[in-house]
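Have a look at target_4.txt below; it lists compact mmCIF, C-alpha atoms.
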# COMPACT_ATOMS: atom_id res chain seq x y z
CA MET A 50 105.53 -83.42 -99.33
CA THR A 51 102.08 -83.41 -100.85
CA ALA A 52 98.72 -84.53 -99.55
CA SER A 53 98.73 -87.39 -102.08
CA ALA A 54 102.07 -88.55 -100.72
CA LEU A 55 100.51 -88.82 -97.30
CA ASP A 56 97.54 -90.64 -98.83
CA VAL A 57 94.96 -88.90 -96.67
CA ARG A 58 91.43 -87.71 -97.39
CA PRO A 59 90.88 -84.11 -98.61
CA ARG A 60 89.63 -82.84 -95.22
CA SER A 61 92.47 -84.58 -93.43
CA ALA A 62 94.97 -83.22 -95.95
CA ALA A 63 93.68 -79.69 -95.35
CA ALA A 64 94.01 -80.12 -91.60
CA VAL A 65 97.54 -81.49 -91.92
CA SER A 66 98.60 -78.72 -94.31
CA ILE A 67 97.32 -75.66 -92.47
CA PHE A 68 100.09 -75.42 -89.88
CA PRO A 69 102.98 -75.82 -92.34
CA ILE A 70 101.39 -73.02 -94.36
CA VAL A 71 101.15 -70.93 -91.20
CA CYS A 72 104.87 -71.49 -90.58
CA VAL A 73 105.83 -70.32 -94.05
CA VAL A 74 103.59 -67.26 -93.84
CA ALA A 75 104.95 -66.42 -90.38
CA GLY A 76 108.48 -66.74 -91.72
CA VAL A 77 107.81 -64.33 -94.57
CA VAL A 78 106.03 -61.86 -92.27
CA GLY A 79 108.84 -62.19 -89.75
CA TRP A 80 111.38 -61.37 -92.45
CA LEU A 81 109.43 -58.27 -93.50
CA LEU A 82 108.95 -57.07 -89.92
CA GLY A 83 112.36 -58.03 -88.56
CA TRP A 84 111.19 -60.65 -86.06
CA HIS A 85 113.72 -62.88 -84.28
CA LEU A 86 112.53 -66.35 -85.24
CA GLY A 87 114.31 -69.62 -84.61
CA VAL A 88 117.64 -69.12 -82.87
CA ASP A 89 118.84 -72.65 -83.68
CA ASN A 90 117.70 -72.33 -87.28
CA ALA A 91 119.76 -69.13 -87.50
CA VAL A 92 122.84 -71.11 -86.45
CA TYR A 93 122.08 -73.89 -88.96
CA ARG A 94 121.70 -71.37 -91.75
CA SER A 95 124.91 -69.58 -90.74
CA GLY A 96 126.76 -72.89 -90.88
CA ALA A 97 125.61 -73.35 -94.46
CA VAL A 98 126.65 -69.78 -95.32
CA ALA A 99 130.05 -70.44 -93.74
CA LEU A 100 130.46 -73.54 -95.91
CA LEU A 101 129.61 -71.60 -99.06
CA HIS A 102 131.96 -68.73 -98.13
CA GLY A 103 134.86 -70.83 -96.86
CA GLU A 104 134.58 -69.68 -93.23
CA ALA A 105 135.84 -72.00 -90.47
CA LEU A 106 133.01 -73.58 -88.49
CA TYR A 107 134.58 -74.23 -85.09
CA ASP A 108 137.45 -71.77 -84.65
CA LEU A 109 135.39 -68.94 -83.15
CA PRO A 110 132.55 -68.83 -80.56
CA PHE A 111 130.01 -68.04 -83.30
CA LEU A 112 129.80 -67.64 -87.06
CA SER A 113 129.96 -64.29 -88.80
CA ASP A 114 126.55 -64.61 -90.48
CA GLU A 115 124.68 -65.27 -87.22
CA PRO A 116 122.33 -62.42 -86.26
CA SER A 117 123.05 -60.55 -83.04
CA TRP A 118 120.20 -62.35 -81.25
CA ALA A 119 121.72 -65.79 -81.90
CA ARG A 120 125.50 -65.81 -81.44
CA LEU A 121 125.87 -69.48 -80.53
CA PRO A 122 128.65 -71.90 -81.52
CA PHE A 123 128.02 -74.34 -84.36
CA THR A 124 127.94 -77.78 -82.72
CA TYR A 125 126.86 -80.16 -85.49
CA PRO A 126 129.21 -82.17 -87.76
CA PRO A 127 130.52 -80.41 -90.87
CA THR A 128 128.32 -82.75 -92.94
CA ALA A 129 125.26 -81.02 -91.47
CA THR A 130 126.16 -77.78 -93.22
CA LEU A 131 125.83 -79.54 -96.56
CA MET A 132 122.25 -80.50 -95.67
CA PHE A 133 121.52 -76.96 -94.46
CA VAL A 134 122.56 -75.27 -97.74
CA PRO A 135 118.90 -74.80 -98.86
CA LEU A 136 118.40 -72.63 -95.75
CA ALA A 137 121.16 -70.29 -96.94
CA LEU A 138 119.22 -69.49 -100.11
CA VAL A 139 116.55 -67.49 -98.25
CA PRO A 140 116.54 -64.95 -95.38
CA THR A 141 116.88 -66.27 -91.83
CA GLN A 142 113.23 -65.87 -90.85
CA VAL A 143 111.99 -67.43 -94.09
CA ALA A 144 114.39 -70.32 -93.50
CA TRP A 145 112.80 -70.80 -90.08
CA GLY A 146 109.35 -70.94 -91.66
CA LEU A 147 110.41 -73.47 -94.28
CA LEU A 148 112.13 -75.72 -91.74
CA GLY A 149 109.07 -75.50 -89.49
CA ALA A 150 106.81 -76.52 -92.36
CA VAL A 151 109.03 -79.48 -93.27
CA SER A 152 109.19 -80.48 -89.60
CA ILE A 153 105.42 -80.53 -89.15
CA MET A 154 104.89 -82.48 -92.36
CA GLY A 155 107.63 -84.86 -91.23
CA MET A 156 105.72 -85.39 -87.99
CA ALA A 157 102.61 -86.19 -90.02
CA TRP A 158 104.58 -88.85 -91.91
CA VAL A 159 105.75 -90.32 -88.60
CA ILE A 160 102.18 -90.51 -87.28
CA LYS A 161 100.84 -92.13 -90.45
CA LEU A 162 103.61 -94.71 -90.71
CA SER A 163 103.35 -95.47 -86.99
CA VAL A 164 99.62 -96.16 -87.28
CA GLU A 165 100.12 -98.37 -90.32
CA ALA A 166 102.82 -100.33 -88.48
CA LEU A 167 100.25 -101.38 -85.86
CA PRO A 168 98.02 -104.06 -87.43
CA ASN A 169 96.23 -104.79 -84.12
CA ARG A 170 94.86 -101.32 -83.56
CA PRO A 171 91.29 -100.23 -82.73
CA GLN A 172 88.92 -99.83 -85.65
CA TRP A 173 88.52 -96.13 -84.92
CA MET A 174 92.27 -95.61 -85.40
CA ASP A 175 92.10 -94.87 -89.12
CA PRO A 176 95.52 -93.73 -90.50
CA ALA A 177 94.14 -90.65 -92.28
CA ARG A 178 91.97 -89.46 -89.41
CA THR A 179 94.60 -90.22 -86.78
CA THR A 180 97.25 -88.37 -88.78
CA ALA A 181 95.04 -85.30 -89.05
CA VAL A 182 93.96 -85.27 -85.40
CA LEU A 183 97.31 -86.08 -83.80
CA GLY A 184 99.15 -83.90 -86.31
CA ILE A 185 97.32 -80.98 -84.71
CA VAL A 186 96.94 -82.12 -81.10
CA LEU A 187 100.58 -83.12 -80.65
CA LEU A 188 101.75 -79.67 -81.71
CA GLY A 189 100.80 -78.80 -78.13
CA ILE A 190 103.42 -80.99 -76.46
CA GLU A 191 106.59 -79.21 -75.43
CA PRO A 192 109.17 -81.20 -77.45
CA VAL A 193 107.22 -80.56 -80.66
CA TRP A 194 106.29 -76.90 -80.32
CA ARG A 195 109.71 -76.09 -78.89
CA THR A 196 111.42 -77.82 -81.82
CA VAL A 197 109.38 -75.72 -84.25
CA PHE A 198 109.79 -72.52 -82.21
CA LEU A 199 113.57 -72.85 -81.96
CA GLY A 200 113.93 -73.96 -85.57
CA GLN A 201 115.40 -77.28 -84.46
CA ILE A 202 115.92 -80.34 -86.69
CA ASN A 203 114.57 -83.03 -84.33
CA LEU A 204 111.31 -83.80 -86.14
CA VAL A 205 113.09 -84.10 -89.47
CA LEU A 206 115.67 -86.52 -88.06
CA MET A 207 112.94 -88.62 -86.46
CA ALA A 208 111.06 -88.73 -89.77
CA LEU A 209 114.19 -89.91 -91.62
CA VAL A 210 114.66 -92.75 -89.14
CA VAL A 211 110.99 -93.78 -89.08
CA VAL A 212 110.71 -93.74 -92.89
CA ASP A 213 113.89 -95.82 -93.13
CA VAL A 214 112.89 -98.44 -90.53
CA LEU A 215 109.13 -98.69 -91.05
CA LEU A 216 108.83 -98.01 -94.78
CA VAL A 217 111.97 -98.25 -96.91
CA GLY A 218 113.68 -101.13 -95.14
CA ALA A 219 110.41 -102.92 -94.44
CA LYS A 220 109.87 -103.28 -98.19
CA SER A 221 113.21 -105.08 -98.56
CA THR A 222 114.56 -102.50 -100.97
CA ARG A 223 118.20 -101.82 -101.64
CA PHE A 224 117.99 -98.43 -100.00
CA GLY A 225 117.37 -99.40 -96.38
CA GLY A 226 119.75 -97.72 -93.95
CA ILE A 227 120.65 -94.80 -96.20
CA LEU A 228 118.31 -92.34 -94.50
CA ILE A 229 119.66 -93.32 -91.09
CA GLY A 230 123.15 -92.66 -92.40
CA VAL A 231 122.05 -89.23 -93.61
CA ALA A 232 120.37 -88.46 -90.27
CA ALA A 233 123.53 -89.45 -88.39
CA ALA A 234 125.61 -87.23 -90.67
CA ILE A 235 123.44 -84.29 -89.65
CA LYS A 236 123.52 -85.15 -85.95
CA LEU A 237 125.44 -88.05 -84.42
CA THR A 238 122.73 -89.38 -82.09
CA PRO A 239 120.84 -91.32 -84.83
CA LEU A 240 123.85 -93.65 -84.97
CA ILE A 241 122.12 -95.62 -82.21
CA PHE A 242 119.77 -96.96 -84.88
CA VAL A 243 122.65 -98.79 -86.59
CA PRO A 244 122.78 -101.43 -83.81
CA HIS A 245 118.97 -101.43 -83.97
CA LEU A 246 119.16 -102.53 -87.60
CA ILE A 247 121.62 -105.25 -86.64
CA ALA A 248 119.40 -106.40 -83.77
CA ILE A 249 116.39 -106.84 -86.06
CA GLY A 250 118.40 -108.77 -88.64
CA ARG A 251 118.87 -106.00 -91.21
CA LYS A 252 122.65 -106.20 -91.35
CA ALA A 253 122.86 -105.02 -94.97
CA ASP A 254 120.86 -101.91 -94.03
CA ALA A 255 123.20 -101.31 -91.09
CA VAL A 256 126.19 -101.50 -93.46
CA ARG A 257 124.53 -99.04 -95.85
CA ALA A 258 123.88 -96.65 -92.96
CA VAL A 259 127.52 -96.74 -91.88
CA VAL A 260 128.80 -96.45 -95.45
CA THR A 261 126.50 -93.48 -96.12
CA PHE A 262 127.71 -91.80 -92.95
CA PHE A 263 131.40 -92.23 -93.81
CA VAL A 264 130.99 -91.32 -97.47
CA LEU A 265 129.49 -88.00 -96.38
CA GLN A 266 132.35 -87.51 -93.90
CA GLY A 267 134.81 -88.20 -96.72
CA LEU A 268 133.07 -85.71 -98.98
CA MET A 269 133.36 -83.02 -96.33
CA PHE A 270 137.03 -83.89 -95.79
CA VAL A 271 137.60 -83.12 -99.46
CA LEU A 272 135.63 -79.86 -99.22
CA VAL A 273 136.64 -78.54 -95.78
CA PRO A 274 139.45 -80.66 -94.26
CA HIS A 275 140.20 -78.10 -91.54
CA ASP A 276 136.63 -78.22 -90.22
CA VAL A 277 136.60 -82.02 -90.26
CA PHE A 278 139.81 -82.15 -88.21
CA GLN A 279 138.49 -79.52 -85.81
CA PHE A 280 135.19 -81.28 -85.26
CA TRP A 281 136.49 -84.81 -84.78
CA GLY A 282 139.61 -83.70 -82.95
CA HIS A 283 138.09 -81.17 -80.57
CA ALA A 284 134.48 -80.02 -80.90
CA VAL A 285 132.88 -83.49 -80.71
CA ARG A 286 134.56 -84.06 -77.32
CA ASP A 287 133.36 -80.78 -75.86
CA PRO A 288 129.67 -81.04 -74.88
CA GLN A 289 129.99 -77.73 -73.04
CA ARG A 290 129.93 -76.03 -76.47
CA ILE A 291 126.16 -76.31 -76.35
CA GLY A 292 125.85 -74.59 -72.97
CA PRO A 293 125.65 -75.70 -69.33
CA ILE A 294 124.46 -79.26 -69.68
CA TYR A 295 123.44 -79.54 -66.03
CA TRP A 296 120.32 -77.51 -66.88
CA ALA A 297 116.97 -79.12 -66.17
CA GLY A 298 116.37 -79.22 -69.91
CA ASN A 299 119.02 -81.93 -70.31
CA GLN A 300 116.85 -84.99 -69.68
CA SER A 301 119.53 -87.66 -69.99
CA VAL A 302 121.16 -89.86 -67.37
CA ASN A 303 124.29 -87.73 -67.69
CA GLY A 304 122.26 -84.56 -67.12
CA LEU A 305 120.71 -86.02 -63.97
CA LEU A 306 124.12 -87.07 -62.63
CA LEU A 307 125.48 -83.59 -63.31
CA ARG A 308 122.69 -82.05 -61.26
CA LEU A 309 123.13 -84.54 -58.44
CA THR A 310 126.90 -84.02 -58.24
CA ASP A 311 127.12 -80.24 -58.66
CA ASN A 312 128.50 -80.55 -62.20
CA ALA A 313 131.25 -83.08 -61.45
CA ASP A 314 133.62 -83.72 -64.34
CA TRP A 315 133.40 -87.53 -64.02
CA THR A 316 129.67 -87.98 -64.60
CA LEU A 317 129.96 -89.08 -68.23
CA ARG A 318 132.36 -91.87 -67.18
CA VAL A 319 129.57 -93.16 -64.93
CA ALA A 320 126.67 -92.43 -67.31
CA LEU A 321 128.19 -94.44 -70.18
CA PRO A 322 128.47 -97.72 -68.19
CA ILE A 323 124.90 -97.19 -66.97
CA GLY A 324 123.87 -96.79 -70.59
CA ALA A 325 125.72 -99.98 -71.51
CA LEU A 326 123.87 -101.87 -68.78
CA LEU A 327 120.54 -100.51 -70.01
CA ALA A 328 121.42 -101.46 -73.57
CA ILE A 329 121.63 -105.17 -72.77
CA PRO A 330 117.97 -105.73 -71.80
CA CYS A 331 116.90 -103.23 -74.45
CA LEU A 332 118.69 -105.27 -77.14
CA VAL A 333 116.92 -108.43 -75.97
CA TRP A 334 113.62 -106.55 -75.88
CA VAL A 335 114.08 -105.17 -79.40
CA ARG A 336 114.84 -108.61 -80.81
CA ARG A 337 111.80 -110.12 -79.08
CA LEU A 338 109.46 -107.37 -80.26
CA HIS A 339 110.74 -107.65 -83.83
CA SER A 340 110.24 -111.42 -83.79
CA GLN A 341 106.63 -110.73 -82.79
CA ASN A 342 106.21 -108.41 -85.81
CA ARG A 343 106.00 -105.35 -83.54
CA ALA A 344 108.29 -102.99 -85.42
CA LEU A 345 107.08 -99.73 -83.86
CA PRO A 346 107.53 -100.62 -80.17
CA ALA A 347 110.91 -102.14 -81.04
CA LEU A 348 111.91 -98.85 -82.65
CA LEU A 349 110.65 -96.89 -79.63
CA VAL A 350 112.79 -98.95 -77.25
CA THR A 351 115.92 -97.97 -79.20
CA ALA A 352 114.85 -94.35 -79.55
CA PHE A 353 114.26 -93.83 -75.84
CA LEU A 354 117.43 -95.72 -74.94
CA GLY A 355 119.26 -93.24 -77.16
CA LEU A 356 117.68 -90.31 -75.33
CA LEU A 357 118.70 -91.74 -71.96
CA VAL A 358 122.32 -92.56 -72.83
CA SER A 359 123.16 -89.49 -74.91
CA PRO A 360 125.34 -87.02 -72.97
CA VAL A 361 122.84 -84.31 -73.84
CA SER A 362 119.13 -84.85 -74.51
CA TRP A 363 117.46 -81.47 -74.37
CA SER A 364 113.72 -81.50 -73.76
CA HIS A 365 113.03 -80.72 -77.43
CA HIS A 366 114.94 -83.86 -78.43
CA TRP A 367 112.15 -85.94 -76.91
CA VAL A 368 109.95 -85.71 -80.02
CA TRP A 369 109.86 -89.52 -80.01
CA VAL A 370 106.90 -89.14 -77.69
CA VAL A 371 104.87 -88.61 -80.89
CA PRO A 372 105.05 -92.25 -82.10
CA LEU A 373 104.88 -93.34 -78.45
CA VAL A 374 101.46 -91.70 -78.14
CA VAL A 375 100.38 -93.45 -81.34
CA PHE A 376 101.46 -96.79 -79.90
CA LEU A 377 99.72 -96.19 -76.56
CA LEU A 378 96.50 -95.20 -78.33
CA SER A 379 96.62 -98.46 -80.27
CA ARG A 380 96.42 -100.32 -76.97
CA LEU A 381 93.01 -98.85 -76.21
CA PRO A 382 89.84 -100.87 -76.93
CA ASP A 383 87.32 -100.21 -79.69
CA ARG A 384 84.77 -99.10 -77.13
CA ALA A 385 85.13 -96.00 -74.98
CA PRO A 386 88.08 -96.73 -72.66
CA THR A 387 87.81 -96.66 -68.88
CA TRP A 388 89.94 -94.19 -66.96
CA ARG A 389 92.33 -96.99 -66.05
CA GLU A 390 92.77 -97.96 -69.70
CA ALA A 391 93.36 -94.35 -70.72
CA ALA A 392 95.67 -93.58 -67.80
CA GLY A 393 98.85 -94.62 -69.64
CA VAL A 394 98.51 -92.43 -72.70
CA GLY A 395 96.94 -89.65 -70.63
CA SER A 396 99.88 -89.60 -68.24
CA VAL A 397 102.43 -89.44 -71.05
CA VAL A 398 100.62 -86.60 -72.80
CA LEU A 399 100.26 -84.75 -69.50
CA VAL A 400 103.99 -85.00 -68.75
CA PHE A 401 105.09 -83.72 -72.16
CA ALA A 402 102.34 -81.11 -72.55
CA SER A 403 102.73 -79.69 -69.04
CA CYS A 404 105.93 -77.71 -69.81
CA VAL A 405 106.97 -78.69 -66.29
CA LEU A 406 110.67 -78.40 -67.12
CA LEU A 407 110.22 -74.79 -68.18
CA ALA A 408 108.53 -74.05 -64.85
CA MET A 409 111.32 -75.59 -62.75
CA ARG A 410 113.96 -73.50 -61.05
CA ASN A 411 116.79 -73.73 -63.55
CA GLY A 412 119.78 -71.86 -64.88
CA LYS A 413 122.72 -70.29 -63.03
CA ALA A 414 123.32 -73.55 -61.15
CA VAL A 415 120.13 -73.36 -59.07
CA GLU A 416 119.52 -77.02 -59.99
CA PHE A 417 122.22 -77.91 -57.44
CA ASP A 418 119.93 -76.61 -54.70
CA TRP A 419 116.84 -78.56 -55.74
CA THR A 420 114.80 -80.38 -53.12
CA PRO A 421 114.23 -84.15 -53.50
CA LEU A 422 110.77 -83.45 -54.91
CA GLU A 423 112.22 -81.01 -57.44
CA TYR A 424 114.70 -83.66 -58.58
CA VAL A 425 111.82 -86.05 -59.23
CA VAL A 426 109.66 -83.51 -61.05
CA GLY A 427 112.71 -82.09 -62.86
CA SER A 428 113.47 -85.56 -64.23
CA ALA A 429 109.96 -86.06 -65.61
CA TYR A 430 110.95 -86.84 -69.20
CA LEU A 431 113.66 -89.38 -68.47
CA LEU A 432 111.41 -91.08 -65.90
CA VAL A 433 108.80 -91.87 -68.60
CA PRO A 434 110.79 -94.65 -70.36
CA LEU A 435 112.22 -95.90 -67.05
CA VAL A 436 108.77 -96.20 -65.46
CA ALA A 437 107.29 -97.72 -68.63
CA GLY A 438 110.09 -100.28 -68.76
CA ALA A 439 109.56 -101.16 -65.09
CA ILE A 440 105.82 -101.64 -65.66
CA VAL A 441 106.45 -103.96 -68.61
CA LEU A 442 109.01 -105.93 -66.60
CA ILE A 443 106.63 -106.33 -63.64
CA ARG A 444 103.83 -107.52 -65.92
CA GLN A 445 106.11 -110.07 -67.57
CA VAL A 446 107.24 -111.40 -64.18
CA ARG A 447 103.63 -111.73 -63.03
CA HIS A 448 102.69 -113.68 -66.13

Write the structure described by the file as structure tokens, please.
Amino acid sequence: MTASALDVRPRSAAAVSIFPIVCVVAGVVGWLLGWHLGVDNAVYRSGAVALLHGEALYDLPFLSDEPSWARLPFTYPPTATLMFVPLALVPTQVAWGLLGAVSIMGMAWVIKLSVEALPNRPQWMDPARTTAVLGIVLLGIEPVWRTVFLGQINLVLMALVVVDVLLVGAKSTRFGGILIGVAAAIKLTPLIFVPHLIAIGRKADAVRAVVTFFVLQGLMFVLVPHDVFQFWGHAVRDPQRIGPIYWAGNQSVNGLLLRLTDNADWTLRVALPIGALLAIPCLVWVRRLHSQNRALPALLVTAFLGLLVSPVSWSHHWVWVVPLVVFLLSRLPDRAPTWREAAGVGSVVLVFASCVLLAMRNGKAVEFDWTPLEYVVGSAYLLVPLVAGAIVLIRQVRH
């Protein structure tokens, strides 16, 4: 992704590019010095190596190519390994650096497209300048820096969805929905954006997303039928493969219920109906926002609903706070805002930059002994969309 592709000024382009370059350099240095960089990236890369070498993905607790400091099960669909093949072409640490660089540039794309999707923004909110400033500042929030540090794919998936919804599909091309299908083939959670496309009247794009998803599944069935059967028959129904999901880091409704019930085995059967109930007003909200030509907030409603209803939404999955900050900034006036006007965006940044979840007592089931205050603070991320939704509802009732 080049500076010209982002369409930013030279100074802004330099600011946006410096951190991806740092990631690549750190990856090369880490390879030379034997650093342990990006545990999740190491698993991704090992999945790709397993695909190339014909090794089963889900039969054993970890893959043979994983370094000793990773040793985690591969949890993504077999289709993800096809997308991860470029990582297998370079050493593990270099792969981490490259994925980090792509992730940061993907975040820059998200910021730029989000700004451009907000026609009623303050005059000072120039796309180029905002992309450069927020592209650096938002590296400091926990979901972003943790995604890069772990070598996670979250920023890339978000960029695929945002580009699809706000750019490709918005231009009424024949390619809308394809990137969402690709994102869902890498990780299943982006499937929530298929009903989003239907809700905003882009049914053809929704069909393309589903077709893309299933074509990729079919391709993998031809290449590795055993892995496809193992994933869809067993691994996909075993969320425990990714670790104890009662940890504070799981900021989903299901995670909260697990903590409240001492890891009861019925929580998902309760969390899913709660998610269905939340989906109803969210669907109405999305349709209303889209009819008002407010594509970004409509997309954010679906994104945060997905984070709430997913069985597992680790703290680093909450990268959707990036376009949320862009949207909240657009609500500020052209003049210097008062503290009341800045309180909304300030509060959101504070929550996600505070690393409060990392400071909580967590791990080894200590979450089951939390005090009421710890439960509130330890649910900080999932409370953000719930509180925001309640505020919007109250304002609508008052008016």

### Task
Would you mind listing what lies within 8 Å of region 144-157 of chain A as JSON, numbers by chain, with all atoms listed in the file counted and same-chain residues fewer than 4 positions away left out?
{"A": [50, 65, 66, 68, 69, 70, 72, 73, 74, 75, 76, 77, 86, 87, 90, 91, 94, 136, 137, 139, 140, 161, 180, 181, 184, 197, 198, 200, 202, 203, 204, 205, 208, 371]}

### Residue nearest Leu199 (chain A) among A:Val217, A:Val88, A:Ala429, A:Leu406 (counting all atoms listed in the file)
A:Val88

#### Entry: Between CA of Met207 (chain A) and CA of Asp254 (chain A) - distance in Å to one decimal
17.2 Å

### Query
Could you state the separation of CA of Asn342 (chain A) and CA of Val214 (chain A) in Å, given to one decimal place?
12.9 Å

### Query
Hey, which of A:Leu381, A:Val405, A:Val350, A:Val264 ends up closest to Phe242 (chain A)? Count only C-alpha atoms.
A:Val350

#### Entry: region 313-315 of chain A environment, 10 Å, only C-alpha atoms, sequence neighbours closer than 5 positions dropped, as an NGL selection string
:A and (295 or 303 or 306-308 or 320)

Write the residues of the preceding selection, restricted to C-alpha atoms, as an mmCIF file, in the frame of the given file.
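Done, and the output landed in part22.cif:
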data_model
loop_
_atom_site.group_PDB
_atom_site.id
_atom_site.type_symbol
_atom_site.label_atom_id
_atom_site.label_comp_id
_atom_site.auth_asym_id
_atom_site.auth_seq_id
_atom_site.Cartn_x
_atom_site.Cartn_y
_atom_site.Cartn_z
ATOM 1 C CA TYR A 295 123.440 -79.540 -66.030
ATOM 2 C CA ASN A 303 124.290 -87.730 -67.690
ATOM 3 C CA LEU A 306 124.120 -87.070 -62.630
ATOM 4 C CA LEU A 307 125.480 -83.590 -63.310
ATOM 5 C CA ARG A 308 122.690 -82.050 -61.260
ATOM 6 C CA ALA A 320 126.670 -92.430 -67.310
#

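With CA of Val211 (chain A) on one side and CA of Val333 (chain A) on the other, the separation reads 20.5 Å.
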
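Every protein, DNA or RNA residue with an atom at most 10 Å from Gly83 (chain A), where all atoms listed in the file count and chain neighbours fewer than 4 positions away do not, is listed here: Val77, Val78, Gly79, Thr141 and Gln142 of chain A.
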
What's around Ile227 (chain A) at 7 Å? Count all atoms listed in the file, leave out sequence neighbours fewer than 3 positions away in its own chain, and write the answer as a compact mmCIF listing (two decimals) with C-alpha atoms, in the frame of the given file.
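Output contents, as saved in result.txt:
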# COMPACT_ATOMS: atom_id res chain seq x y z
CA PHE A 224 117.99 -98.43 -100.00
CA GLY A 230 123.15 -92.66 -92.40
CA VAL A 231 122.05 -89.23 -93.61
CA ARG A 257 124.53 -99.04 -95.85
CA ALA A 258 123.88 -96.65 -92.96
CA THR A 261 126.50 -93.48 -96.12

### Query
Could you pull the residues within 12 Å of Leu309 (chain A), counting all atoms listed in the file, minus those fewer than 2 positions along the same chain, as a list in words?
Tyr295, Trp296, Ala297, Val302, Asn303, Gly304, Leu305, Leu306, Leu307, Asp311, Asn312, Ala313, Thr316, Ala414, Val415, Glu416, Phe417, Asp418, Trp419, Thr420, Pro421, Glu423, Tyr424, Val425, Gly427 and Ser428 of chain A

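Each of A:Val398, A:Leu345, A:Ile247, A:Leu265 was compared to Val277 (chain A) using all atoms listed in the file, and A:Leu265 turns out to be the nearest.
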
#### Entry: Nearest to Trp369 (chain A), chosen from A:Thr196, A:Thr130, A:Gln445, A:Gln279, with only C-alpha atoms counted in the distances
A:Thr196

Report, as JSON, the centre and edge lengths in Å (one decimal) of the axis-aligned box enclosing every listed atom of region 94-104 of chain A, padded by 6 Å on each side.
{"center_x": 128.3, "center_y": -71.1, "center_z": -94.9, "size_x": 25.2, "size_y": 16.8, "size_z": 20.3}

### Task
Find the residue from A:Leu240, A:Val193, A:Val98, A:Val212 that sits nearest to Leu162 (chain A); use only C-alpha atoms when measuring.
A:Val212
